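Working notes, beginning with the structure itself.
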Amino acid sequence: MAIRRHTRGIILSLCLTGSAFAAEPPTSVVIGTPPQPSWSQLTPQQQSILSPLASDWNNLENLRRRKWLGIAERYSSMSGEQQARVQERMREWASLTPEQRSKARDTYKGFNRLPADQQRLVREKWEAYNNLSDDEKLRLRENNKSSRLLRSPATNSAESATSSTSPAAYEKPQPDQRNK
Amino acid sequence: MSEERTAYRIKQALNHGLEDIPESTSRRLAAARQLALSRQKQEAPALIMATTHGQSWAARHGDWHLSPVIKQLLPIIALLVGMWIAFYWHSLQYIQQLEQVDSALLAEDLPPEVFLDKDVFEWLLDDTPEE
């Protein structure tokens, strides 16, 4: 148990360690990035992949245009499912503030360093958590450990009569709220 | 001593001979002298560049030379170009890392919002069983 807690501490600290990507790129990087093509200068294939960014493209800095063109190059090596996810999330990601993107990248890098079984647990917990209403999410976070999310629906149903913090959504899943 | 005397006599003979040079020959000699002098003046400010034979680039390629202003600007231009190349290289590395993280994050099973809220993420990460 002590070893487990120690490991968790290390993992948490890894997640919280300094940012590899500051919110604003270094000036030398901004200066060193050559001018990038406007939307009309992109190839039809690039326009198709980056279509969610069409309206914002000409307002993006050269550095971000170059990054998205790089992602478009990697796009062909992704599975169909991954390609769909990337396109679905592209616009929302681009609309975040630099600070939000920077924090998300750092947290994601911490997640990537976790052992595979812990990554799987986080995914399972998130799937269950995401099915709850906003109120239930808040109550659960305030009163319970996230391990409660991994209990079987039967156990939760039995407890729901006595506990006000039971994730009732296990019995009646809510619509997907990821894109809210 | 006799050598000096001989040299003096030769000099006298040459000076005397000058009076007998035809007018046309005298004009050709004067023109050749002017031409030699004009070429010597042009070579003096030419840019000296190291070559394998110790011969300047300008000497081998005719009358090419740089103005002093350009010569002063050259080191500055070279420095600026060098700095830009270093910045360009840095930007390539930086953007490549961004591409790598962003493409993996956007293609991930978990949506980006999981990684946006650090509190929720840490709560999900906490695997302490309930009492």
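Chain identifiers are assigned as A, B, and so on, following the order in which chains appear in the structure tokens; residues are numbered from 1 within each chain, and ligands are numbered from 1 in order of appearance.
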
Review point. DSSP says alpha helix (DSSP H) for which residues of segment 3-117 of chain A? Put them as number ranges by chain?
Key: A: 3-16, 27-32, 44-49, 62-75, 80-95, 98-112, 116-117

**Study point:** Contact residues around Phe115 of chain B with only C-alpha atoms at 10 Å, ignoring same-chain residues under 2 positions, as a ChimeraX atom specification
**Key:** /A:100-101,103-111 /B:105,110-113,117-122

Exercise for review: Using only C-alpha atoms, find which residues of chain A lie within 6 Å of chain B and jot them down as a ChimeraX atom specification.
Suggested key: /A:28-29,32-33,67,71,82,85-86,104,107-108,122,145-147

Hey, can you spit out that residue selection with N, CA, C and O atoms as a compact mmCIF listing (two decimals), in the first residue's frame?
# COMPACT_ATOMS: atom_id res chain seq x y z
N SER A 28 12.75 33.85 -30.60
CA SER A 28 13.62 33.32 -31.65
C SER A 28 12.84 32.38 -32.57
O SER A 28 13.08 32.32 -33.78
N VAL A 29 11.87 31.64 -32.01
CA VAL A 29 11.06 30.72 -32.81
C VAL A 29 10.12 31.50 -33.73
O VAL A 29 9.96 31.16 -34.91
N GLY A 32 12.23 32.95 -36.45
CA GLY A 32 12.79 31.91 -37.31
C GLY A 32 11.78 31.16 -38.16
O GLY A 32 12.16 30.34 -39.00
N THR A 33 10.49 31.43 -37.95
CA THR A 33 9.48 30.73 -38.75
C THR A 33 9.18 31.53 -40.01
O THR A 33 8.70 32.66 -39.93
N LYS A 67 2.54 24.50 -37.77
CA LYS A 67 2.22 23.35 -36.92
C LYS A 67 1.05 22.56 -37.50
O LYS A 67 1.10 21.33 -37.59
N ILE A 71 0.69 18.73 -38.78
CA ILE A 71 -0.32 17.76 -38.33
C ILE A 71 -1.05 17.17 -39.55
O ILE A 71 -1.35 15.98 -39.58
N GLN A 82 -9.01 7.85 -35.59
CA GLN A 82 -8.17 8.96 -35.10
C GLN A 82 -8.35 10.19 -35.99
O GLN A 82 -8.41 11.31 -35.49
N ARG A 85 -11.48 11.92 -35.03
CA ARG A 85 -11.31 12.64 -33.75
C ARG A 85 -10.55 13.94 -33.96
O ARG A 85 -10.93 14.99 -33.44
N VAL A 86 -9.47 13.86 -34.72
CA VAL A 86 -8.63 15.05 -34.94
C VAL A 86 -9.46 16.15 -35.60
O VAL A 86 -9.45 17.30 -35.16
N ALA A 104 -2.93 21.88 -21.07
CA ALA A 104 -3.43 20.59 -21.55
C ALA A 104 -2.28 19.72 -22.07
O ALA A 104 -2.24 18.52 -21.82
N THR A 107 -0.36 18.30 -19.09
CA THR A 107 -1.11 17.23 -18.41
C THR A 107 -1.11 15.97 -19.27
O THR A 107 -0.95 14.86 -18.76
N TYR A 108 -1.26 16.16 -20.57
CA TYR A 108 -1.27 15.00 -21.47
C TYR A 108 0.09 14.29 -21.45
O TYR A 108 0.14 13.04 -21.46
N VAL A 122 -7.83 5.31 -16.00
CA VAL A 122 -8.27 6.70 -16.17
C VAL A 122 -9.32 6.77 -17.29
O VAL A 122 -10.34 7.45 -17.15
N LYS A 145 -14.01 9.22 -3.79
CA LYS A 145 -12.81 8.95 -4.59
C LYS A 145 -13.26 8.52 -5.98
O LYS A 145 -14.35 7.96 -6.13
N SER A 146 -12.38 8.75 -6.96
CA SER A 146 -12.77 8.40 -8.33
C SER A 146 -12.91 6.89 -8.52
O SER A 146 -13.54 6.44 -9.49
N SER A 147 -12.32 6.11 -7.60
CA SER A 147 -12.42 4.65 -7.75
C SER A 147 -13.88 4.19 -7.68
O SER A 147 -14.21 3.11 -8.15

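The spacing separating atom CA of Trp126 of chain A from atom CA of Ser79 of chain A amounts to 22.4 Å.
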
Exercise for review: For Asp56 of chain A, work out the shell of residues within 12 Å, counting only C-alpha atoms and skipping chain neighbours fewer than 3 positions away, then give it as a ChimeraX atom specification.
Suggested key: /A:38-39,50-53,59-61,64-65,90-92,94-95

Point to revise | Spatial neighbours of Glu99 of chain A, 8 Å, only C-alpha atoms, chain gap at least 3 places, as an MDAnalysis selection string | key: chainID A and resid 22:24 102:103
